[in-house]
file coords.txt (compact mmCIF, N, CA and C atoms and all ligand atoms)
# COMPACT_ATOMS: atom_id res chain seq x y z
N MET A 7 -16.17 26.39 -27.44
CA MET A 7 -14.97 27.08 -26.99
C MET A 7 -13.74 26.29 -27.39
N HIS A 8 -12.79 26.96 -28.02
CA HIS A 8 -11.58 26.27 -28.45
C HIS A 8 -10.41 26.67 -27.56
N LEU A 9 -9.64 25.66 -27.17
CA LEU A 9 -8.42 25.87 -26.40
C LEU A 9 -7.25 25.41 -27.26
N SER A 10 -6.25 26.25 -27.37
CA SER A 10 -5.03 25.86 -28.06
C SER A 10 -3.90 25.93 -27.05
N VAL A 11 -3.23 24.81 -26.80
CA VAL A 11 -2.24 24.78 -25.74
C VAL A 11 -0.96 24.10 -26.20
N ASP A 12 0.17 24.73 -25.88
CA ASP A 12 1.46 24.06 -25.97
C ASP A 12 1.71 23.50 -24.57
N ILE A 13 1.59 22.16 -24.44
CA ILE A 13 1.60 21.55 -23.12
C ILE A 13 2.90 21.86 -22.36
N ARG A 14 3.98 22.14 -23.08
CA ARG A 14 5.24 22.47 -22.39
C ARG A 14 5.09 23.72 -21.52
N ASP A 15 4.16 24.59 -21.88
CA ASP A 15 3.95 25.81 -21.09
C ASP A 15 3.37 25.49 -19.72
N TRP A 16 2.76 24.29 -19.58
CA TRP A 16 2.07 23.94 -18.32
C TRP A 16 2.86 22.92 -17.52
N LEU A 17 4.02 22.49 -18.02
CA LEU A 17 4.80 21.44 -17.35
C LEU A 17 6.11 21.99 -16.81
N ASP A 18 6.59 21.34 -15.73
CA ASP A 18 7.93 21.65 -15.26
C ASP A 18 8.93 20.69 -15.93
N ASP A 19 10.16 20.70 -15.47
CA ASP A 19 11.20 19.89 -16.13
C ASP A 19 10.97 18.39 -15.98
N ASN A 20 10.11 17.96 -15.04
CA ASN A 20 9.81 16.54 -14.84
C ASN A 20 8.49 16.12 -15.49
N ASP A 21 7.96 16.97 -16.36
CA ASP A 21 6.66 16.73 -16.99
C ASP A 21 5.52 16.67 -15.97
N GLU A 22 5.74 17.32 -14.84
CA GLU A 22 4.68 17.47 -13.84
C GLU A 22 4.05 18.86 -14.03
N PRO A 23 2.82 19.03 -13.48
CA PRO A 23 2.20 20.36 -13.60
C PRO A 23 3.12 21.44 -13.04
N ALA A 24 3.27 22.54 -13.77
CA ALA A 24 4.19 23.59 -13.38
C ALA A 24 3.77 24.25 -12.08
N THR A 25 2.46 24.33 -11.83
CA THR A 25 1.95 24.86 -10.57
C THR A 25 0.81 23.96 -10.10
N PRO A 26 0.54 23.92 -8.78
CA PRO A 26 -0.58 23.09 -8.30
C PRO A 26 -1.91 23.46 -8.96
N ALA A 27 -2.09 24.72 -9.27
CA ALA A 27 -3.35 25.15 -9.86
C ALA A 27 -3.57 24.56 -11.25
N LEU A 28 -2.47 24.15 -11.90
CA LEU A 28 -2.59 23.59 -13.25
C LEU A 28 -2.86 22.10 -13.26
N ARG A 29 -2.86 21.46 -12.07
CA ARG A 29 -2.89 20.00 -12.01
C ARG A 29 -4.05 19.38 -12.81
N SER A 30 -5.27 19.81 -12.57
CA SER A 30 -6.39 19.15 -13.24
C SER A 30 -6.36 19.41 -14.75
N LYS A 31 -5.96 20.60 -15.13
CA LYS A 31 -5.86 20.90 -16.56
C LYS A 31 -4.78 20.04 -17.21
N VAL A 32 -3.63 19.93 -16.54
CA VAL A 32 -2.53 19.15 -17.10
C VAL A 32 -2.92 17.67 -17.22
N LEU A 33 -3.58 17.13 -16.19
CA LEU A 33 -3.97 15.72 -16.26
C LEU A 33 -4.94 15.46 -17.41
N ARG A 34 -5.82 16.39 -17.63
CA ARG A 34 -6.79 16.24 -18.72
C ARG A 34 -6.06 16.22 -20.07
N ILE A 35 -5.15 17.16 -20.25
CA ILE A 35 -4.40 17.20 -21.51
C ILE A 35 -3.48 15.99 -21.63
N ALA A 36 -2.87 15.57 -20.51
CA ALA A 36 -1.98 14.40 -20.54
C ALA A 36 -2.75 13.15 -20.96
N ARG A 37 -3.98 13.00 -20.50
CA ARG A 37 -4.79 11.85 -20.92
C ARG A 37 -5.04 11.90 -22.42
N LEU A 38 -5.33 13.08 -22.94
CA LEU A 38 -5.54 13.20 -24.38
C LEU A 38 -4.27 12.86 -25.15
N ILE A 39 -3.11 13.23 -24.59
CA ILE A 39 -1.84 12.89 -25.23
C ILE A 39 -1.63 11.37 -25.20
N GLU A 40 -1.94 10.73 -24.07
CA GLU A 40 -1.81 9.27 -24.00
C GLU A 40 -2.67 8.59 -25.06
N TYR A 41 -3.87 9.09 -25.23
CA TYR A 41 -4.77 8.50 -26.23
C TYR A 41 -4.31 8.80 -27.65
N GLY A 42 -3.82 9.99 -27.87
CA GLY A 42 -3.58 10.44 -29.24
C GLY A 42 -2.15 10.31 -29.73
N GLY A 43 -1.21 10.24 -28.80
CA GLY A 43 0.20 10.30 -29.20
C GLY A 43 0.63 9.17 -30.12
N THR A 44 0.03 7.99 -29.95
CA THR A 44 0.46 6.83 -30.73
C THR A 44 -0.35 6.66 -32.01
N LEU A 45 -1.28 7.57 -32.27
CA LEU A 45 -2.05 7.48 -33.52
C LEU A 45 -1.17 7.78 -34.72
N GLU A 46 -1.56 7.24 -35.87
CA GLU A 46 -0.98 7.68 -37.12
C GLU A 46 -1.71 8.96 -37.54
N PRO A 47 -1.03 9.83 -38.30
CA PRO A 47 -1.71 11.05 -38.77
C PRO A 47 -3.03 10.70 -39.47
N GLY A 48 -4.08 11.41 -39.11
CA GLY A 48 -5.38 11.18 -39.72
C GLY A 48 -6.25 10.18 -38.97
N GLU A 49 -5.65 9.37 -38.10
CA GLU A 49 -6.45 8.43 -37.30
C GLU A 49 -7.12 9.15 -36.15
N MET A 50 -8.24 8.57 -35.69
CA MET A 50 -9.01 9.16 -34.59
C MET A 50 -9.30 8.07 -33.58
N ARG A 51 -9.41 8.47 -32.31
CA ARG A 51 -9.70 7.51 -31.25
C ARG A 51 -10.72 8.15 -30.29
N ILE A 52 -11.64 7.31 -29.82
CA ILE A 52 -12.57 7.75 -28.78
C ILE A 52 -11.83 7.68 -27.45
N THR A 53 -12.03 8.66 -26.58
CA THR A 53 -11.38 8.67 -25.28
C THR A 53 -12.41 8.56 -24.16
N LEU A 54 -11.94 8.43 -22.94
CA LEU A 54 -12.80 8.49 -21.76
C LEU A 54 -12.66 9.85 -21.07
N VAL A 55 -12.22 10.85 -21.83
CA VAL A 55 -12.13 12.22 -21.30
C VAL A 55 -13.46 12.90 -21.53
N GLU A 56 -14.08 13.34 -20.44
CA GLU A 56 -15.41 13.92 -20.53
C GLU A 56 -15.38 15.34 -21.06
N CYS A 57 -16.41 15.66 -21.86
CA CYS A 57 -16.60 17.05 -22.30
C CYS A 57 -16.84 17.91 -21.07
N SER A 58 -16.31 19.12 -21.08
CA SER A 58 -16.46 20.01 -19.92
C SER A 58 -17.54 21.07 -20.13
N ARG A 59 -18.19 21.03 -21.28
CA ARG A 59 -19.20 22.06 -21.57
C ARG A 59 -20.51 21.75 -20.85
N ARG A 60 -21.28 22.79 -20.63
CA ARG A 60 -22.58 22.65 -19.97
C ARG A 60 -23.62 23.41 -20.78
N PRO A 61 -23.97 22.89 -21.96
CA PRO A 61 -24.99 23.60 -22.77
C PRO A 61 -26.32 23.62 -22.03
N GLY A 62 -26.95 24.78 -21.94
CA GLY A 62 -28.20 24.91 -21.22
C GLY A 62 -28.07 24.54 -19.75
N ARG A 63 -26.87 24.76 -19.18
CA ARG A 63 -26.57 24.49 -17.77
C ARG A 63 -26.65 23.01 -17.41
N LYS A 64 -26.69 22.15 -18.41
CA LYS A 64 -26.71 20.71 -18.16
C LYS A 64 -25.40 20.14 -18.71
N ALA A 65 -24.73 19.30 -17.89
CA ALA A 65 -23.45 18.76 -18.33
C ALA A 65 -23.61 17.99 -19.62
N CYS A 66 -22.71 18.24 -20.57
CA CYS A 66 -22.71 17.51 -21.83
C CYS A 66 -22.27 16.07 -21.56
N ASP A 67 -22.95 15.10 -22.18
CA ASP A 67 -22.62 13.68 -21.99
C ASP A 67 -21.48 13.21 -22.88
N GLY A 68 -20.94 14.10 -23.69
CA GLY A 68 -19.96 13.67 -24.69
C GLY A 68 -18.63 13.23 -24.09
N LEU A 69 -18.00 12.29 -24.80
CA LEU A 69 -16.61 11.91 -24.53
C LEU A 69 -15.79 12.37 -25.73
N LEU A 70 -14.65 12.98 -25.46
CA LEU A 70 -13.89 13.60 -26.53
C LEU A 70 -13.31 12.56 -27.49
N PHE A 71 -13.29 12.90 -28.76
CA PHE A 71 -12.55 12.18 -29.79
C PHE A 71 -11.22 12.90 -29.95
N VAL A 72 -10.16 12.15 -30.20
CA VAL A 72 -8.87 12.79 -30.45
C VAL A 72 -8.31 12.27 -31.76
N THR A 73 -7.71 13.16 -32.52
CA THR A 73 -7.07 12.78 -33.77
C THR A 73 -5.70 13.43 -33.85
N LYS A 74 -4.82 12.79 -34.63
CA LYS A 74 -3.52 13.40 -34.90
C LYS A 74 -3.58 14.01 -36.29
N THR A 75 -3.21 15.28 -36.37
CA THR A 75 -3.30 15.97 -37.66
C THR A 75 -2.05 15.70 -38.49
N GLU A 76 -2.11 16.05 -39.76
CA GLU A 76 -0.98 15.84 -40.67
C GLU A 76 0.25 16.62 -40.22
N ASP A 77 0.04 17.74 -39.52
CA ASP A 77 1.19 18.52 -39.04
C ASP A 77 1.52 18.20 -37.58
N ASP A 78 1.12 16.98 -37.12
CA ASP A 78 1.56 16.42 -35.84
C ASP A 78 1.04 17.16 -34.62
N LEU A 79 -0.12 17.78 -34.77
CA LEU A 79 -0.82 18.32 -33.61
C LEU A 79 -1.85 17.28 -33.17
N LEU A 80 -2.24 17.34 -31.91
CA LEU A 80 -3.37 16.53 -31.45
C LEU A 80 -4.57 17.45 -31.36
N PHE A 81 -5.69 16.96 -31.89
CA PHE A 81 -6.91 17.77 -31.90
C PHE A 81 -8.03 16.95 -31.28
N ALA A 82 -8.62 17.46 -30.21
CA ALA A 82 -9.72 16.77 -29.53
C ALA A 82 -10.99 17.58 -29.70
N VAL A 83 -12.10 16.86 -29.88
CA VAL A 83 -13.38 17.55 -30.04
C VAL A 83 -14.49 16.70 -29.44
N CYS A 84 -15.49 17.38 -28.89
CA CYS A 84 -16.67 16.67 -28.38
C CYS A 84 -17.60 16.38 -29.55
N PRO A 85 -17.94 15.09 -29.78
CA PRO A 85 -18.80 14.76 -30.92
C PRO A 85 -20.27 15.08 -30.67
N ILE A 86 -20.63 15.37 -29.42
CA ILE A 86 -22.04 15.62 -29.11
C ILE A 86 -22.37 17.10 -29.28
N CYS A 87 -21.73 17.95 -28.49
CA CYS A 87 -22.07 19.38 -28.54
C CYS A 87 -21.19 20.12 -29.54
N LYS A 88 -20.07 19.53 -29.92
CA LYS A 88 -19.11 20.16 -30.84
C LYS A 88 -18.70 21.54 -30.35
N ASN A 89 -18.91 21.77 -29.05
CA ASN A 89 -18.68 23.08 -28.47
C ASN A 89 -17.37 23.12 -27.70
N GLU A 90 -16.73 21.96 -27.52
CA GLU A 90 -15.44 21.93 -26.88
C GLU A 90 -14.44 21.33 -27.85
N SER A 91 -13.35 22.04 -28.08
CA SER A 91 -12.29 21.50 -28.91
C SER A 91 -10.95 22.00 -28.38
N ILE A 92 -9.94 21.16 -28.52
CA ILE A 92 -8.62 21.44 -27.95
C ILE A 92 -7.56 21.07 -28.98
N THR A 93 -6.65 21.99 -29.24
CA THR A 93 -5.49 21.69 -30.07
C THR A 93 -4.27 21.66 -29.16
N ILE A 94 -3.50 20.55 -29.24
CA ILE A 94 -2.35 20.36 -28.36
C ILE A 94 -1.08 20.30 -29.20
N SER A 95 -0.13 21.16 -28.88
CA SER A 95 1.19 21.10 -29.50
C SER A 95 2.22 20.86 -28.41
N GLY A 96 3.44 20.59 -28.80
CA GLY A 96 4.51 20.40 -27.85
C GLY A 96 4.43 19.11 -27.05
N TRP A 97 3.62 18.16 -27.50
CA TRP A 97 3.37 16.93 -26.73
C TRP A 97 4.42 15.86 -26.99
N GLN A 98 5.17 15.96 -28.09
CA GLN A 98 5.96 14.83 -28.59
C GLN A 98 7.01 14.32 -27.61
N ASP A 99 7.62 15.20 -26.83
CA ASP A 99 8.70 14.77 -25.95
C ASP A 99 8.25 14.62 -24.49
N THR A 100 6.94 14.53 -24.26
CA THR A 100 6.46 14.37 -22.89
C THR A 100 6.39 12.90 -22.52
N LEU A 101 6.25 12.64 -21.23
CA LEU A 101 6.12 11.26 -20.72
C LEU A 101 4.89 10.56 -21.27
N TYR A 102 3.94 11.32 -21.75
CA TYR A 102 2.63 10.76 -22.11
C TYR A 102 2.54 10.39 -23.59
N ALA A 103 3.56 10.73 -24.36
CA ALA A 103 3.48 10.62 -25.82
C ALA A 103 3.41 9.18 -26.32
N ASP A 104 3.96 8.24 -25.56
CA ASP A 104 4.01 6.86 -26.04
C ASP A 104 2.84 6.02 -25.56
N GLY A 105 1.78 6.65 -25.10
CA GLY A 105 0.60 5.92 -24.66
C GLY A 105 0.69 5.56 -23.19
N PRO A 106 -0.20 4.67 -22.74
CA PRO A 106 -0.21 4.31 -21.32
C PRO A 106 1.13 3.72 -20.90
N PRO A 107 1.51 3.87 -19.62
CA PRO A 107 2.77 3.32 -19.15
C PRO A 107 2.82 1.80 -19.31
N GLN A 108 4.02 1.28 -19.41
CA GLN A 108 4.19 -0.17 -19.51
C GLN A 108 3.73 -0.86 -18.23
N PRO A 109 3.18 -2.08 -18.36
CA PRO A 109 2.79 -2.82 -17.16
C PRO A 109 4.01 -3.22 -16.35
N PHE A 110 3.80 -3.43 -15.06
CA PHE A 110 4.88 -3.92 -14.21
C PHE A 110 4.29 -4.91 -13.22
N PRO A 111 5.12 -5.84 -12.70
CA PRO A 111 4.58 -6.88 -11.82
C PRO A 111 4.13 -6.28 -10.49
N PRO A 112 3.11 -6.89 -9.88
CA PRO A 112 2.66 -6.40 -8.58
C PRO A 112 3.73 -6.63 -7.54
N PRO A 113 3.68 -5.89 -6.43
CA PRO A 113 4.66 -6.12 -5.37
C PRO A 113 4.51 -7.53 -4.81
N GLU A 114 5.61 -8.06 -4.28
CA GLU A 114 5.58 -9.41 -3.68
C GLU A 114 4.57 -9.44 -2.54
N PRO A 115 3.69 -10.44 -2.52
CA PRO A 115 2.77 -10.54 -1.38
C PRO A 115 3.52 -10.87 -0.11
N LYS A 116 3.07 -10.31 0.99
CA LYS A 116 3.73 -10.56 2.28
C LYS A 116 3.51 -12.00 2.72
N ASP A 117 2.34 -12.54 2.39
CA ASP A 117 2.00 -13.90 2.81
C ASP A 117 1.87 -14.78 1.57
N PRO A 118 2.81 -15.74 1.36
CA PRO A 118 2.74 -16.59 0.17
C PRO A 118 1.42 -17.36 0.07
N ALA A 119 0.76 -17.60 1.19
CA ALA A 119 -0.51 -18.33 1.15
C ALA A 119 -1.56 -17.59 0.34
N LEU A 120 -1.37 -16.29 0.19
CA LEU A 120 -2.34 -15.51 -0.59
C LEU A 120 -2.38 -15.95 -2.04
N LEU A 121 -1.30 -16.61 -2.47
CA LEU A 121 -1.24 -17.03 -3.88
C LEU A 121 -2.01 -18.33 -4.11
N ASN A 122 -2.37 -19.05 -3.03
CA ASN A 122 -3.03 -20.35 -3.21
C ASN A 122 -4.56 -20.21 -3.25
ZN ZN A 201 -19.81 18.25 -25.37

call {"tool": "encode", "arguments": {"input": "coords.txt", "output": "structure tokens", "more": "lines below"}}
Ligand SMILES: [Zn+2]
result
Amino acid sequence: MHLSVDIRDWLDDNDEPATPALRSKVLRIARLIEYGGTLEPGEMRITLVECSRRPGRKACDGLLFVTKTEDDLLFAVCPICKNESITISGWQDTLYADGPPQPFPPPEPKDPALLN
């Protein structure tokens, strides 16, 4: 089954899911954007996004591969069943396009002794 999605259709102005019902779908696509957005065209990366297909009613064990195409789309496919594939457009200006968020320092511990 192939899904072609312009992620902007599923996001509100804050790059959050446009409706609560879209949350899990948006998070799945956002993860693929985090993995794929920083690729060079033609490069591919293995992700930790699980295939959603159930061939023969048994969950597929595949983890999606994502690649950036020459025309700047992200394309994800399951390498095991090859039965799930997703084309993502409209991802470039989202919060997820530059990969995982930057690290930040942990909050100050309440008890300095915890550092010893
Ligand atoms: Zn699969």

call {"tool": "select_by_dssp", "arguments": {"input": "coords.txt", "residues": "range 28-57 of chain A", "states": "helix (DSSP H, G or I)", "output": "list in words"}}
result
Leu28, Arg29, Ser30, Lys31, Val32, Leu33, Arg34, Ile35, Ala36, Arg37, Leu38, Ile39, Glu40, Tyr41 and Gly42 of chain A

call {"tool": "residues_near_point", "arguments": {"input": "coords.txt", "point": "(-11.0, 16.3, -25.2)", "cutoff": "6 Å", "atoms": "only C-alpha atoms", "output": "number ranges by chain"}}
result
A: 55, 70, 82-83

call {"tool": "select_by_dssp", "arguments": {"input": "coords.txt", "residues": "range 13-122 of chain A", "states": "strand (DSSP E or B)", "output": "short mmCIF file (atom, residue, chain, number, x, y, z; two decimals) with N, CA and C atoms, in the coordinates of the input"}}
result
data_model
loop_
_atom_site.label_atom_id
_atom_site.label_comp_id
_atom_site.auth_asym_id
_atom_site.auth_seq_id
_atom_site.Cartn_x
_atom_site.Cartn_y
_atom_site.Cartn_z
N LEU A 17 4.02 22.49 -18.02
CA LEU A 17 4.80 21.44 -17.35
C LEU A 17 6.11 21.99 -16.81
N PRO A 23 2.82 19.03 -13.48
CA PRO A 23 2.20 20.36 -13.60
C PRO A 23 3.12 21.44 -13.04
N MET A 50 -8.24 8.57 -35.69
CA MET A 50 -9.01 9.16 -34.59
C MET A 50 -9.30 8.07 -33.58
N ARG A 51 -9.41 8.47 -32.31
CA ARG A 51 -9.70 7.51 -31.25
C ARG A 51 -10.72 8.15 -30.29
N ILE A 52 -11.64 7.31 -29.82
CA ILE A 52 -12.57 7.75 -28.78
C ILE A 52 -11.83 7.68 -27.45
N THR A 53 -12.03 8.66 -26.58
CA THR A 53 -11.38 8.67 -25.28
C THR A 53 -12.41 8.56 -24.16
N LEU A 54 -11.94 8.43 -22.94
CA LEU A 54 -12.80 8.49 -21.76
C LEU A 54 -12.66 9.85 -21.07
N VAL A 55 -12.22 10.85 -21.83
CA VAL A 55 -12.13 12.22 -21.30
C VAL A 55 -13.46 12.90 -21.53
N GLU A 56 -14.08 13.34 -20.44
CA GLU A 56 -15.41 13.92 -20.53
C GLU A 56 -15.38 15.34 -21.06
N LEU A 69 -18.00 12.29 -24.80
CA LEU A 69 -16.61 11.91 -24.53
C LEU A 69 -15.79 12.37 -25.73
N LEU A 70 -14.65 12.98 -25.46
CA LEU A 70 -13.89 13.60 -26.53
C LEU A 70 -13.31 12.56 -27.49
N PHE A 71 -13.29 12.90 -28.76
CA PHE A 71 -12.55 12.18 -29.79
C PHE A 71 -11.22 12.90 -29.95
N VAL A 72 -10.16 12.15 -30.20
CA VAL A 72 -8.87 12.79 -30.45
C VAL A 72 -8.31 12.27 -31.76
N THR A 73 -7.71 13.16 -32.52
CA THR A 73 -7.07 12.78 -33.77
C THR A 73 -5.70 13.43 -33.85
N LYS A 74 -4.82 12.79 -34.63
CA LYS A 74 -3.52 13.40 -34.90
C LYS A 74 -3.58 14.01 -36.29
N LEU A 80 -2.24 17.34 -31.91
CA LEU A 80 -3.37 16.53 -31.45
C LEU A 80 -4.57 17.45 -31.36
N PHE A 81 -5.69 16.96 -31.89
CA PHE A 81 -6.91 17.77 -31.90
C PHE A 81 -8.03 16.95 -31.28
N ALA A 82 -8.62 17.46 -30.21
CA ALA A 82 -9.72 16.77 -29.53
C ALA A 82 -10.99 17.58 -29.70
N VAL A 83 -12.10 16.86 -29.88
CA VAL A 83 -13.38 17.55 -30.04
C VAL A 83 -14.49 16.70 -29.44
N SER A 91 -13.35 22.04 -28.08
CA SER A 91 -12.29 21.50 -28.91
C SER A 91 -10.95 22.00 -28.38
N ILE A 92 -9.94 21.16 -28.52
CA ILE A 92 -8.62 21.44 -27.95
C ILE A 92 -7.56 21.07 -28.98
N THR A 93 -6.65 21.99 -29.24
CA THR A 93 -5.49 21.69 -30.07
C THR A 93 -4.27 21.66 -29.16
N ILE A 94 -3.50 20.55 -29.24
CA ILE A 94 -2.35 20.36 -28.36
C ILE A 94 -1.08 20.30 -29.20
N SER A 95 -0.13 21.16 -28.88
CA SER A 95 1.19 21.10 -29.50
C SER A 95 2.22 20.86 -28.41
#

call {"tool": "residues_near_ligand", "arguments": {"input": "coords.txt", "ligand": "ligand ZN 201 (chain A)", "cutoff": "5 Å", "atoms": "only N, CA and C atoms and all ligand atoms", "output": "ChimeraX atom specification"}}
result
/A:57,66,68,84,86-88

call {"tool": "write_last_selection", "arguments": {"input": "coords.txt", "atoms": "N, CA and C atoms", "output": "compact mmCIF listing (two decimals), in the coordinates of the input"}}
result
# COMPACT_ATOMS: atom_id res chain seq x y z
N CYS A 57 -16.41 15.66 -21.86
CA CYS A 57 -16.60 17.05 -22.30
C CYS A 57 -16.84 17.91 -21.07
N CYS A 66 -22.71 18.24 -20.57
CA CYS A 66 -22.71 17.51 -21.83
C CYS A 66 -22.27 16.07 -21.56
N GLY A 68 -20.94 14.10 -23.69
CA GLY A 68 -19.96 13.67 -24.69
C GLY A 68 -18.63 13.23 -24.09
N CYS A 84 -15.49 17.38 -28.89
CA CYS A 84 -16.67 16.67 -28.38
C CYS A 84 -17.60 16.38 -29.55
N ILE A 86 -20.63 15.37 -29.42
CA ILE A 86 -22.04 15.62 -29.11
C ILE A 86 -22.37 17.10 -29.28
N CYS A 87 -21.73 17.95 -28.49
CA CYS A 87 -22.07 19.38 -28.54
C CYS A 87 -21.19 20.12 -29.54
N LYS A 88 -20.07 19.53 -29.92
CA LYS A 88 -19.11 20.16 -30.84
C LYS A 88 -18.70 21.54 -30.35

call {"tool": "residues_near_point", "arguments": {"input": "coords.txt", "point": "(3.1, 26.6, -18.1)", "cutoff": "7 Å", "atoms": "all atoms listed in the file", "output": "list in words"}}
result
Ile13, Arg14, Asp15, Trp16, Leu17, Asp18, Ala24 and Thr25 of chain A

call {"tool": "write_last_selection", "arguments": {"input": "coords.txt", "atoms": "N, CA and C atoms", "output": "PDB file, keeping the file's coordinate frame"}}
result
ATOM      1  N   ILE A  13       1.590  22.160 -24.440  1.00  0.00           N
ATOM      2  CA  ILE A  13       1.600  21.550 -23.120  1.00  0.00           C
ATOM      3  C   ILE A  13       2.900  21.860 -22.360  1.00  0.00           C
ATOM      4  N   ARG A  14       3.980  22.140 -23.080  1.00  0.00           N
ATOM      5  CA  ARG A  14       5.240  22.470 -22.390  1.00  0.00           C
ATOM      6  C   ARG A  14       5.090  23.720 -21.520  1.00  0.00           C
ATOM      7  N   ASP A  15       4.160  24.590 -21.880  1.00  0.00           N
ATOM      8  CA  ASP A  15       3.950  25.810 -21.090  1.00  0.00           C
ATOM      9  C   ASP A  15       3.370  25.490 -19.720  1.00  0.00           C
ATOM     10  N   TRP A  16       2.760  24.290 -19.580  1.00  0.00           N
ATOM     11  CA  TRP A  16       2.070  23.940 -18.320  1.00  0.00           C
ATOM     12  C   TRP A  16       2.860  22.920 -17.520  1.00  0.00           C
ATOM     13  N   LEU A  17       4.020  22.490 -18.020  1.00  0.00           N
ATOM     14  CA  LEU A  17       4.800  21.440 -17.350  1.00  0.00           C
ATOM     15  C   LEU A  17       6.110  21.990 -16.810  1.00  0.00           C
ATOM     16  N   ASP A  18       6.590  21.340 -15.730  1.00  0.00           N
ATOM     17  CA  ASP A  18       7.930  21.650 -15.260  1.00  0.00           C
ATOM     18  C   ASP A  18       8.930  20.690 -15.930  1.00  0.00           C
ATOM     19  N   ALA A  24       3.270  22.540 -13.770  1.00  0.00           N
ATOM     20  CA  ALA A  24       4.190  23.590 -13.380  1.00  0.00           C
ATOM     21  C   ALA A  24       3.770  24.250 -12.080  1.00  0.00           C
ATOM     22  N   THR A  25       2.460  24.330 -11.830  1.00  0.00           N
ATOM     23  CA  THR A  25       1.950  24.860 -10.570  1.00  0.00           C
ATOM     24  C   THR A  25       0.810  23.960 -10.100  1.00  0.00           C
TER      25      THR A  25
END

call {"tool": "closest_residue", "arguments": {"input": "coords.txt", "among": "A:Lys116, A:Ile94, A:Asp67, A:Glu56", "to": "Phe81 in chain A", "atoms": "only C-alpha atoms"}}
result
A:Ile94

call {"tool": "atom_distance", "arguments": {"input": "coords.txt", "atom1": "atom N of Phe110 in chain A", "atom2": "atom N of Arg29 in chain A"}}
result
25.9 Å

call {"tool": "residues_around", "arguments": {"input": "coords.txt", "residues": "Thr53 in chain A", "least_positions_apart": "6", "cutoff": "7 Å", "atoms": "only C-alpha atoms", "output": "ChimeraX atom specification"}}
result
/A:41,69-71

call {"tool": "closest_residue", "arguments": {"input": "coords.txt", "among": "A:Asp99, A:Glu76, A:Glu90, A:Glu49", "to": "Asp12 in chain A", "atoms": "only C-alpha atoms"}}
result
A:Asp99

call {"tool": "atom_distance", "arguments": {"input": "coords.txt", "atom1": "atom C of Asn20 in chain A", "atom2": "CA of Leu33 in chain A"}}
result
12.5 Å

call {"tool": "atom_distance", "arguments": {"input": "coords.txt", "atom1": "atom C of Asp78 in chain A", "atom2": "CA of Ser95 in chain A"}}
result
6.5 Å

call {"tool": "closest_residue", "arguments": {"input": "coords.txt", "among": "A:Ser58, A:Ile39, A:Pro106, A:Ile52", "to": "Leu79 in chain A", "atoms": "only C-alpha atoms"}}
result
A:Ile39

call {"tool": "closest_residue", "arguments": {"input": "coords.txt", "among": "A:Val72, A:Val11, A:Leu101, A:Ala65", "to": "Leu38 in chain A", "atoms": "only N, CA and C atoms"}}
result
A:Val72

call {"tool": "closest_residue", "arguments": {"input": "coords.txt", "among": "A:Thr100, A:Glu22, A:Met50, A:Leu28", "to": "Pro85 in chain A", "atoms": "only C-alpha atoms"}}
result
A:Met50

call {"tool": "closest_residue", "arguments": {"input": "coords.txt", "among": "A:Ala36, A:Gly43, A:Pro23, A:Lys31", "to": "Gln98 in chain A", "atoms": "all atoms listed in the file"}}
result
A:Gly43

call {"tool": "build_atoms", "arguments": {"input": "coords.txt", "residues": "range 30-38 of chain A", "atoms": "N, CA, C and O atoms", "output": "PDB file, keeping the file's coordinate frame"}}
result
ATOM      1  N   SER A  30      -5.270  19.810 -12.570  1.00  0.00           N
ATOM      2  CA  SER A  30      -6.390  19.150 -13.240  1.00  0.00           C
ATOM      3  C   SER A  30      -6.360  19.410 -14.750  1.00  0.00           C
ATOM      4  O   SER A  30      -6.674  18.532 -15.547  1.00  0.00           O
ATOM      5  N   LYS A  31      -5.960  20.600 -15.130  1.00  0.00           N
ATOM      6  CA  LYS A  31      -5.860  20.900 -16.560  1.00  0.00           C
ATOM      7  C   LYS A  31      -4.780  20.040 -17.210  1.00  0.00           C
ATOM      8  O   LYS A  31      -4.968  19.508 -18.306  1.00  0.00           O
ATOM      9  N   VAL A  32      -3.630  19.930 -16.540  1.00  0.00           N
ATOM     10  CA  VAL A  32      -2.530  19.150 -17.100  1.00  0.00           C
ATOM     11  C   VAL A  32      -2.920  17.670 -17.220  1.00  0.00           C
ATOM     12  O   VAL A  32      -2.662  17.036 -18.241  1.00  0.00           O
ATOM     13  N   LEU A  33      -3.580  17.130 -16.190  1.00  0.00           N
ATOM     14  CA  LEU A  33      -3.970  15.720 -16.260  1.00  0.00           C
ATOM     15  C   LEU A  33      -4.940  15.460 -17.410  1.00  0.00           C
ATOM     16  O   LEU A  33      -4.874  14.437 -18.081  1.00  0.00           O
ATOM     17  N   ARG A  34      -5.820  16.390 -17.630  1.00  0.00           N
ATOM     18  CA  ARG A  34      -6.790  16.240 -18.720  1.00  0.00           C
ATOM     19  C   ARG A  34      -6.060  16.220 -20.070  1.00  0.00           C
ATOM     20  O   ARG A  34      -6.322  15.359 -20.914  1.00  0.00           O
ATOM     21  N   ILE A  35      -5.150  17.160 -20.250  1.00  0.00           N
ATOM     22  CA  ILE A  35      -4.400  17.200 -21.510  1.00  0.00           C
ATOM     23  C   ILE A  35      -3.480  15.990 -21.630  1.00  0.00           C
ATOM     24  O   ILE A  35      -3.346  15.401 -22.711  1.00  0.00           O
ATOM     25  N   ALA A  36      -2.870  15.570 -20.510  1.00  0.00           N
ATOM     26  CA  ALA A  36      -1.980  14.400 -20.540  1.00  0.00           C
ATOM     27  C   ALA A  36      -2.750  13.150 -20.960  1.00  0.00           C
ATOM     28  O   ALA A  36      -2.229  12.309 -21.700  1.00  0.00           O
ATOM     29  N   ARG A  37      -3.980  13.000 -20.500  1.00  0.00           N
ATOM     30  CA  ARG A  37      -4.790  11.850 -20.920  1.00  0.00           C
ATOM     31  C   ARG A  37      -5.040  11.900 -22.420  1.00  0.00           C
ATOM     32  O   ARG A  37      -4.968  10.878 -23.113  1.00  0.00           O
ATOM     33  N   LEU A  38      -5.330  13.080 -22.940  1.00  0.00           N
ATOM     34  CA  LEU A  38      -5.540  13.200 -24.380  1.00  0.00           C
ATOM     35  C   LEU A  38      -4.270  12.860 -25.150  1.00  0.00           C
ATOM     36  O   LEU A  38      -4.316  12.249 -26.221  1.00  0.00           O
TER      37      LEU A  38
END
